[in-house]
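Q: Contents of my_file_16.txt (compact mmCIF, C-alpha atoms):
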```txt
# COMPACT_ATOMS: atom_id res chain seq x y z
CA MET J 1 10.67 -11.73 -12.92
CA THR J 2 9.43 -10.39 -16.21
CA THR J 3 9.55 -6.67 -16.88
CA PRO J 4 6.78 -5.03 -14.89
CA THR J 5 3.86 -3.69 -16.86
CA ILE J 6 1.54 -0.97 -15.64
CA LYS J 7 -2.21 -0.95 -16.17
CA THR J 8 -4.07 2.26 -15.48
CA ARG J 9 -7.62 3.50 -15.41
CA ILE J 10 -7.51 7.26 -15.83
CA PRO J 11 -10.24 9.36 -17.49
CA ALA J 12 -9.10 10.87 -20.81
CA LYS J 13 -11.11 14.05 -20.22
CA ALA J 14 -12.12 16.01 -17.15
CA LYS J 15 -13.81 19.30 -16.37
CA LYS J 16 -11.69 21.98 -14.72
CA GLY J 17 -11.89 21.56 -10.97
CA GLU J 18 -13.26 18.05 -11.19
CA ILE J 19 -11.80 15.43 -8.85
CA ILE J 20 -10.89 12.36 -10.87
CA GLU J 21 -10.13 8.89 -9.58
CA ILE J 22 -6.92 7.26 -10.71
CA LYS J 23 -6.42 3.52 -10.51
CA ALA J 24 -3.23 1.71 -11.38
CA GLN J 25 -1.71 -1.71 -11.02
CA ILE J 26 1.83 -2.83 -11.76
CA THR J 27 2.90 -6.43 -12.20
CA HIS J 28 5.65 -6.95 -9.65
CA ASP J 29 6.49 -9.85 -7.31
CA MET J 30 7.17 -7.52 -4.36
CA GLU J 31 9.62 -10.11 -3.02
CA THR J 32 9.79 -9.53 0.73
CA GLY J 33 13.20 -10.97 1.49
CA GLN J 34 11.54 -13.30 4.02
CA ARG J 35 11.04 -16.24 1.70
CA LYS J 36 13.44 -19.03 0.87
CA ASP J 37 13.87 -20.88 -2.40
CA ALA J 38 13.80 -24.65 -2.87
CA ASN J 39 17.43 -24.92 -1.65
CA GLY J 40 16.76 -22.99 1.52
CA MET J 41 18.53 -19.89 0.24
CA ALA J 42 16.87 -16.61 1.16
CA LEU J 43 15.34 -14.80 -1.80
CA SER J 44 16.64 -11.26 -1.74
CA ARG J 45 14.22 -8.44 -1.17
CA ARG J 46 12.98 -6.64 -4.25
CA ILE J 47 9.92 -4.44 -3.92
CA ILE J 48 8.56 -1.20 -5.30
CA ASN J 49 9.58 1.07 -2.44
CA LYS J 50 8.25 4.37 -3.72
CA PHE J 51 5.32 5.53 -5.80
CA VAL J 52 4.98 9.05 -7.19
CA CYS J 53 2.16 10.68 -9.16
CA THR J 54 2.68 14.04 -10.85
CA TRP J 55 0.44 16.02 -13.17
CA ASN J 56 2.11 18.62 -15.39
CA GLY J 57 5.21 18.03 -13.30
CA GLN J 58 3.53 18.97 -10.02
CA ALA J 59 3.17 16.51 -7.16
CA VAL J 60 -0.28 15.01 -6.70
CA ILE J 61 0.55 12.23 -4.26
CA SER J 62 3.54 10.09 -3.37
CA ALA J 63 3.97 7.08 -1.15
CA ASP J 64 6.61 5.01 0.60
CA TRP J 65 5.81 1.35 0.34
CA HIS J 66 7.09 -1.44 2.56
CA THR J 67 7.14 -5.20 2.25
CA ALA J 68 3.53 -5.52 3.45
CA MET J 69 2.27 -4.18 0.13
CA SER J 70 0.79 -7.02 -1.91
CA ALA J 71 2.35 -8.53 -4.99
CA ASN J 72 1.16 -6.82 -8.17
CA PRO J 73 0.36 -3.71 -6.13
CA PHE J 74 -2.88 -1.92 -6.89
CA VAL J 75 -3.49 1.73 -6.00
CA SER J 76 -6.43 4.04 -6.15
CA PHE J 77 -6.42 7.74 -5.29
CA PHE J 78 -7.73 11.10 -6.50
CA ALA J 79 -6.46 14.20 -8.29
CA VAL J 80 -7.89 17.64 -9.03
CA ALA J 81 -8.12 18.47 -12.74
CA GLU J 82 -6.45 21.85 -13.16
CA ALA J 83 -4.87 21.91 -16.62
CA SER J 84 -4.40 19.54 -19.55
CA GLY J 85 -1.16 17.67 -19.61
CA PRO J 86 0.69 14.49 -18.84
CA LEU J 87 -0.29 12.58 -15.72
CA LYS J 88 2.73 10.54 -14.76
CA LEU J 89 2.89 7.54 -12.44
CA ALA J 90 6.35 6.39 -11.38
CA PHE J 91 7.14 3.17 -9.51
CA HIS J 92 10.63 2.99 -7.97
CA ASP J 93 12.12 -0.50 -7.73
CA ASP J 94 14.62 -1.57 -5.04
CA ASN J 95 17.08 -2.29 -7.85
CA GLY J 96 17.07 1.37 -8.88
CA GLU J 97 14.84 1.02 -11.91
CA ILE J 98 11.88 3.36 -12.30
CA TYR J 99 8.82 2.17 -14.19
CA GLU J 100 6.67 4.94 -15.58
CA SER J 101 3.27 5.36 -17.13
CA VAL J 102 2.25 8.66 -18.74
CA THR J 103 -1.35 9.48 -19.67
CA GLU J 104 -2.42 12.68 -21.42
CA VAL J 105 -5.52 14.04 -19.75
CA VAL J 106 -7.52 16.81 -21.40
CA VAL J 107 -9.04 19.34 -18.99
CA GLU J 108 -11.88 21.45 -20.40
CA MET N 1 -0.42 -26.92 -7.40
CA THR N 2 3.08 -27.15 -8.66
CA PHE N 3 3.82 -23.65 -7.38
CA MET N 4 3.51 -24.94 -3.83
CA HIS N 5 6.78 -26.78 -4.12
CA LYS N 6 9.08 -24.07 -5.31
CA HIS N 7 9.41 -22.70 -1.78
CA GLY N 8 10.63 -25.98 -0.40
CA TRP N 9 8.36 -26.13 2.61
CA ALA N 10 6.91 -29.48 1.79
CA ARG N 11 5.33 -30.23 5.14
CA ARG N 12 3.80 -26.82 5.51
CA ASP N 13 2.69 -26.82 1.91
CA LEU N 14 0.85 -30.07 2.36
CA LEU N 15 -0.94 -28.79 5.43
CA VAL N 16 -1.96 -25.56 3.81
CA ALA N 17 -2.83 -27.10 0.48
CA ALA N 18 -4.91 -29.72 2.19
CA GLY N 19 -6.72 -27.04 4.12
CA ALA N 20 -7.51 -24.46 1.55
CA GLY N 21 -5.66 -24.80 -1.72
CA ALA N 22 -4.04 -21.61 -0.60
CA VAL N 23 -2.03 -19.22 -2.68
CA ALA N 24 -0.51 -17.52 0.34
CA LEU N 25 1.59 -19.19 2.97
CA ALA N 26 2.43 -18.01 6.42
CA LEU N 27 6.15 -18.14 6.87
CA PRO N 28 7.10 -20.74 9.46
CA GLY N 29 9.17 -19.22 12.20
CA ALA N 30 9.12 -15.77 10.63
CA VAL N 31 10.09 -12.93 12.91
CA GLN N 32 6.99 -10.91 13.73
CA ALA N 33 6.99 -7.31 14.78
CA THR N 34 5.55 -6.68 18.21
CA PRO N 35 3.01 -3.97 19.05
CA GLN N 36 5.92 -2.17 20.79
CA GLU N 37 7.91 -2.13 17.56
CA ALA N 38 4.83 -0.89 15.75
CA ASP N 39 4.54 1.88 18.36
CA ALA N 40 8.18 2.85 17.84
CA PHE N 41 7.69 2.91 14.07
CA THR N 42 4.56 5.03 14.51
CA ARG N 43 6.53 7.54 16.63
CA LYS N 44 9.10 7.76 13.85
CA MET N 45 6.34 8.52 11.36
CA ILE N 46 4.17 10.96 13.31
CA GLY N 47 6.71 12.50 15.69
CA ALA N 48 5.72 13.55 19.19
CA ALA N 49 2.11 14.37 18.30
CA ASN N 50 -0.65 12.89 20.43
CA PRO N 51 -3.07 11.15 18.05
CA LYS N 52 -6.79 11.75 18.54
CA THR N 53 -9.51 9.40 17.39
CA GLY N 54 -11.88 10.51 14.68
CA LYS N 55 -11.75 12.06 11.22
CA ILE N 56 -10.01 9.02 9.77
CA GLN N 57 -11.74 5.88 8.61
CA LEU N 58 -10.08 2.57 7.84
CA VAL N 59 -12.11 0.34 5.57
CA VAL N 60 -10.92 -3.24 5.76
CA LYS N 61 -12.74 -6.51 6.25
CA ASP N 62 -12.95 -7.98 9.80
CA VAL N 63 -11.96 -11.34 8.39
CA ALA N 64 -9.43 -11.29 5.58
CA GLU N 65 -10.17 -13.57 2.65
CA SER N 66 -6.47 -13.90 1.95
CA GLY N 67 -3.57 -12.57 3.97
CA ALA N 68 -1.66 -11.96 0.75
CA ASN N 69 -3.96 -9.51 -0.92
CA GLU N 70 -6.35 -7.70 1.37
CA PRO N 71 -8.05 -4.54 0.09
CA VAL N 72 -7.61 -1.54 2.38
CA ARG N 73 -9.14 1.91 1.97
CA VAL N 74 -8.35 4.93 4.12
CA VAL N 75 -10.67 7.92 4.04
CA VAL N 76 -9.97 11.14 5.96
CA ASP N 77 -12.47 13.92 6.55
CA SER N 78 -10.72 16.99 5.12
CA PRO N 79 -11.57 19.77 2.63
CA MET N 80 -8.11 19.30 1.03
CA THR N 81 -7.54 23.03 0.51
CA ALA N 82 -4.13 24.70 0.66
CA ALA N 83 -4.93 25.92 4.18
CA ASP N 84 -6.43 22.71 5.52
CA HIS N 85 -5.41 19.38 4.05
CA VAL N 86 -4.09 15.97 4.94
CA LYS N 87 -0.31 15.88 4.65
CA ALA N 88 0.24 12.21 5.27
CA ILE N 89 -1.55 8.94 5.82
CA HIS N 90 0.36 6.12 7.51
CA VAL N 91 -0.86 2.54 7.63
CA ILE N 92 0.87 0.32 10.19
CA ALA N 93 0.29 -3.32 11.09
CA ASP N 94 1.59 -4.75 14.37
CA GLY N 95 1.85 -8.44 13.44
CA ASN N 96 3.85 -8.41 10.22
CA PRO N 97 7.63 -8.92 10.02
CA PHE N 98 7.95 -5.16 9.43
CA PRO N 99 5.34 -2.83 10.97
CA GLY N 100 5.16 -0.26 8.15
CA VAL N 101 2.70 -0.97 5.36
CA SER N 102 2.68 2.29 3.43
CA SER N 103 2.92 6.02 3.99
CA TRP N 104 1.10 8.35 1.62
CA PHE N 105 2.03 11.99 1.18
CA LEU N 106 -0.88 14.02 -0.09
CA THR N 107 -1.12 17.53 -1.48
CA PRO N 108 -4.06 19.90 -2.07
CA LYS N 109 -3.90 18.59 -5.66
CA SER N 110 -4.98 15.20 -4.38
CA GLY N 111 -8.49 16.67 -4.12
CA LYS N 112 -9.83 13.99 -1.84
CA ALA N 113 -8.11 12.45 1.17
CA GLU N 114 -8.70 8.88 0.17
CA VAL N 115 -6.32 6.10 -0.85
CA ALA N 116 -6.84 2.42 -1.50
CA PHE N 117 -4.39 -0.42 -1.95
CA ARG N 118 -3.91 -4.06 -1.05
CA MET N 119 -1.79 -5.35 1.79
CA ARG N 120 -0.27 -8.51 3.22
CA LEU N 121 -1.18 -9.77 6.67
CA ALA N 122 0.99 -12.47 8.22
CA LYS N 123 -1.55 -13.30 10.94
CA THR N 124 -4.53 -11.94 12.83
CA GLN N 125 -3.52 -8.48 13.99
CA MET N 126 -4.40 -4.83 14.50
CA VAL N 127 -4.12 -2.58 11.48
CA ARG N 128 -3.74 1.09 12.37
CA ALA N 129 -4.12 4.19 10.25
CA TYR N 130 -2.88 7.69 11.11
CA ALA N 131 -3.61 10.97 9.35
CA VAL N 132 -1.26 13.92 9.76
CA MET N 133 -3.03 17.21 8.98
CA SER N 134 -1.52 20.44 7.66
CA ASP N 135 -2.14 22.06 11.08
CA GLY N 136 0.00 19.38 12.72
CA SER N 137 -2.81 17.44 14.39
CA VAL N 138 -2.77 13.66 14.10
CA TRP N 139 -5.86 11.44 13.93
CA GLN N 140 -5.92 7.71 14.25
CA THR N 141 -8.09 4.65 13.97
CA SER N 142 -7.44 0.94 14.10
CA GLN N 143 -9.17 -2.31 13.34
CA GLU N 144 -8.44 -5.93 14.06
CA VAL N 145 -8.31 -8.13 10.98
CA LYS N 146 -8.64 -11.86 11.46
CA VAL N 147 -6.44 -13.88 9.14
CA THR N 148 -6.81 -17.59 8.61
CA ILE N 149 -4.28 -17.88 5.80
CA GLY N 150 -1.25 -15.68 6.36
CA GLY N 151 0.50 -13.94 3.55
CA CYS N 152 3.84 -12.61 4.64
CA GLY N 153 5.63 -14.60 1.98
CA GLY N 154 3.05 -14.22 -0.78
```
Rewrite the structure of this file - the entire thing - as structure tokens.

A:
Amino acid sequence: MTTPTIKTRIPAKAKKGEIIEIKAQITHDMETGQRKDANGMALSRRIINKFVCTWNGQAVISADWHTAMSANPFVSFFAVAEASGPLKLAFHDDNGEIYESVTEVVVE
Amino acid sequence: MTFMHKHGWARRDLLVAAGAGAVALALPGAVQATPQEADAFTRKMIGAANPKTGKIQLVVKDVAESGANEPVRVVVDSPMTAADHVKAIHVIADGNPFPGVSSWFLTPKSGKAEVAFRMRLAKTQMVRAYAVMSDGSVWQTSQEVKVTIGGCGG
């Protein structure tokens, strides 16, 4: 699998108190561990098992994901604009790697 | 359709490819969770609470276009204030190899109790959604989704 890349759709600016929608998608096979390769060997499980969104270091939303999440998982959720700062999305891989995307959002 | 052959299920592949040119394949002989296992998993997630119906809405098509990538949206009726908000949303499917789909942990900073994602469905089954509120109450809804092309393997 190639290195996962993260695409996001996050507004660059928001008014204070506004609820903004955040959309993100990461390229990831989300291998379930149920499939077999051409030689009948089981492909080992490798999924994104945890997703965390923070804004200025404070938790917005987090999620535990299981094997029923689709490949190239897409997420959409909301956040309240309180103060300008980095909005961080972190995807935790079964193999211990964490893929991150940081977007600076200006709150006026 | 060269990708069909990398899994080594030639017979199955032919059937499915002939039928639909499918991207997703149901796994032959895969172990499916039972509704009882889904119930046990639900208990683990929501504790001893007695779920009530209402407040939570599960938006998913009656007939899935593809079992590999089915859009799901969960909306909960909540003001999302510090005093009254949704703490968790659990989505559970009773016909997949593992009943848990995803559990979302919200905060008042989430603003709106709404999440959307895409899920796999191995076969026609009930998809359930539970919302755990900050006052401890639990709300639930469920919907059957018909699947013609399963997607537990992807």

Q: Considering all atoms listed in the file, return as an MDAnalysis selection string whatever protein or nucleic-acid residues lie within 8 Å of J:Val60, sequence-local ones (same chain, fewer than 6 positions apart) excluded.

A: (chainID J and resid 52:54 79) or (chainID N and resid 106:110)

Q: Atom CA of J:Met41 to atom CA of N:Arg120: how many Å, to one decimal?

A: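 According to the coordinates, atom CA of J:Met41 and atom CA of N:Arg120 are separated by 22.2 Å.
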
Q: If you count only C-alpha atoms, which residues fall within 12 Å of J:Asp29, apart from same-chain ones fewer than 6 positions away, as a list in words?

A: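 Residues meeting the cut-off are Met1, Thr2, Thr3, Pro4, Thr5, Arg35, Leu43, Ser44, Arg45, Arg46, Ile47, Ile48, Thr67, Ala68, Met69, Ser70, Ala71, Asn72, Pro73, Asp93 and Asp94 of chain J; Ala68, Gly153 and Gly154 of chain N.
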
Q: When the cut-off is 8 Å and we count all atoms listed in the file, which residues of chain J are near chain N, given as a PDB file with C-alpha atoms, keeping the file's coordinate frame?

A:
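What follows is the written file selection_22.pdb:
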```pdb
ATOM      1  CA  ILE J  19     -11.800  15.430  -8.850  1.00  0.00           C
ATOM      2  CA  GLU J  31       9.620 -10.110  -3.020  1.00  0.00           C
ATOM      3  CA  THR J  32       9.790  -9.530   0.730  1.00  0.00           C
ATOM      4  CA  GLN J  34      11.540 -13.300   4.020  1.00  0.00           C
ATOM      5  CA  ARG J  35      11.040 -16.240   1.700  1.00  0.00           C
ATOM      6  CA  LYS J  36      13.440 -19.030   0.870  1.00  0.00           C
ATOM      7  CA  ASP J  37      13.870 -20.880  -2.400  1.00  0.00           C
ATOM      8  CA  ALA J  38      13.800 -24.650  -2.870  1.00  0.00           C
ATOM      9  CA  ASN J  39      17.430 -24.920  -1.650  1.00  0.00           C
ATOM     10  CA  GLY J  40      16.760 -22.990   1.520  1.00  0.00           C
ATOM     11  CA  ALA J  59       3.170  16.510  -7.160  1.00  0.00           C
ATOM     12  CA  VAL J  60      -0.280  15.010  -6.700  1.00  0.00           C
ATOM     13  CA  ILE J  61       0.550  12.230  -4.260  1.00  0.00           C
ATOM     14  CA  SER J  62       3.540  10.090  -3.370  1.00  0.00           C
ATOM     15  CA  ALA J  63       3.970   7.080  -1.150  1.00  0.00           C
ATOM     16  CA  ASP J  64       6.610   5.010   0.600  1.00  0.00           C
ATOM     17  CA  TRP J  65       5.810   1.350   0.340  1.00  0.00           C
ATOM     18  CA  HIS J  66       7.090  -1.440   2.560  1.00  0.00           C
ATOM     19  CA  THR J  67       7.140  -5.200   2.250  1.00  0.00           C
ATOM     20  CA  ALA J  68       3.530  -5.520   3.450  1.00  0.00           C
ATOM     21  CA  MET J  69       2.270  -4.180   0.130  1.00  0.00           C
ATOM     22  CA  SER J  70       0.790  -7.020  -1.910  1.00  0.00           C
ATOM     23  CA  ALA J  71       2.350  -8.530  -4.990  1.00  0.00           C
ATOM     24  CA  PRO J  73       0.360  -3.710  -6.130  1.00  0.00           C
ATOM     25  CA  PHE J  74      -2.880  -1.920  -6.890  1.00  0.00           C
ATOM     26  CA  VAL J  75      -3.490   1.730  -6.000  1.00  0.00           C
ATOM     27  CA  SER J  76      -6.430   4.040  -6.150  1.00  0.00           C
ATOM     28  CA  PHE J  77      -6.420   7.740  -5.290  1.00  0.00           C
ATOM     29  CA  PHE J  78      -7.730  11.100  -6.500  1.00  0.00           C
ATOM     30  CA  ALA J  79      -6.460  14.200  -8.290  1.00  0.00           C
ATOM     31  CA  VAL J  80      -7.890  17.640  -9.030  1.00  0.00           C
TER      32      VAL J  80
END
```

Q: How big is the axis-aligned box, and where does its centre sit, when it encloses all atoms of stretch 54-62 of chain N listed in the file and has 6 Å added on every side, reported in Å to one decimal as JSON?

A:
```
{"center_x": -11.5, "center_y": 2.0, "center_z": 10.1, "size_x": 14.9, "size_y": 32.0, "size_z": 21.1}
```

Q: Name the closest residue to J:Ile20 among the candidates J:Lys88, J:Gly96, J:Glu82, J:Phe51; distances are taken between atoms, counting all atoms listed in the file.

A: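 Of J:Lys88, J:Gly96, J:Glu82, J:Phe51, the one nearest J:Ile20 is J:Glu82, counting all atoms listed in the file.
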
Q: Report the distance between atom CA of J:Val102 and atom CA of J:Ala14 in Å, rounded to one decimal place.

A: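 Calculated distance between atom CA of J:Val102 and atom CA of J:Ala14 is 16.2 Å.
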
Q: So what do you get for atom CA of N:Lys61 versus atom CA of J:Leu89, distance-wise?

A: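 If I compute the distance from atom CA of N:Lys61 to atom CA of J:Leu89, I get 28.1 Å.
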
Q: So that I can check the surroundings of N:Glu65, please list as a ChimeraX atom specification every protein, DNA and RNA residue that reaches within 8 Å of it, counting all atoms listed in the file and ignoring chain neighbours fewer than 3 positions away.

A: /N:70,147-149

Q: Write to file, as a compact mmCIF listing (two decimals), keeping the file's coordinate frame, the residues of the selection just made, with C-alpha atoms.

A:
```txt
# COMPACT_ATOMS: atom_id res chain seq x y z
CA GLU N 70 -6.35 -7.70 1.37
CA VAL N 147 -6.44 -13.88 9.14
CA THR N 148 -6.81 -17.59 8.61
CA ILE N 149 -4.28 -17.88 5.80
```

Q: Name the residues in contact with stretch 47-51 of chain N at a cut-off of 6 Å, using all atoms listed in the file, excluding same-chain residues fewer than 5 positions from it; report them as number ranges by chain.

A: N: 138-140

Q: For N:Phe41, which residue out of N:Ala83, N:Val59, N:Asp94, N:Gly54 is the nearest one, using all atoms listed in the file?

A: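 Residue with the minimum atom-to-atom distance to N:Phe41: N:Asp94.
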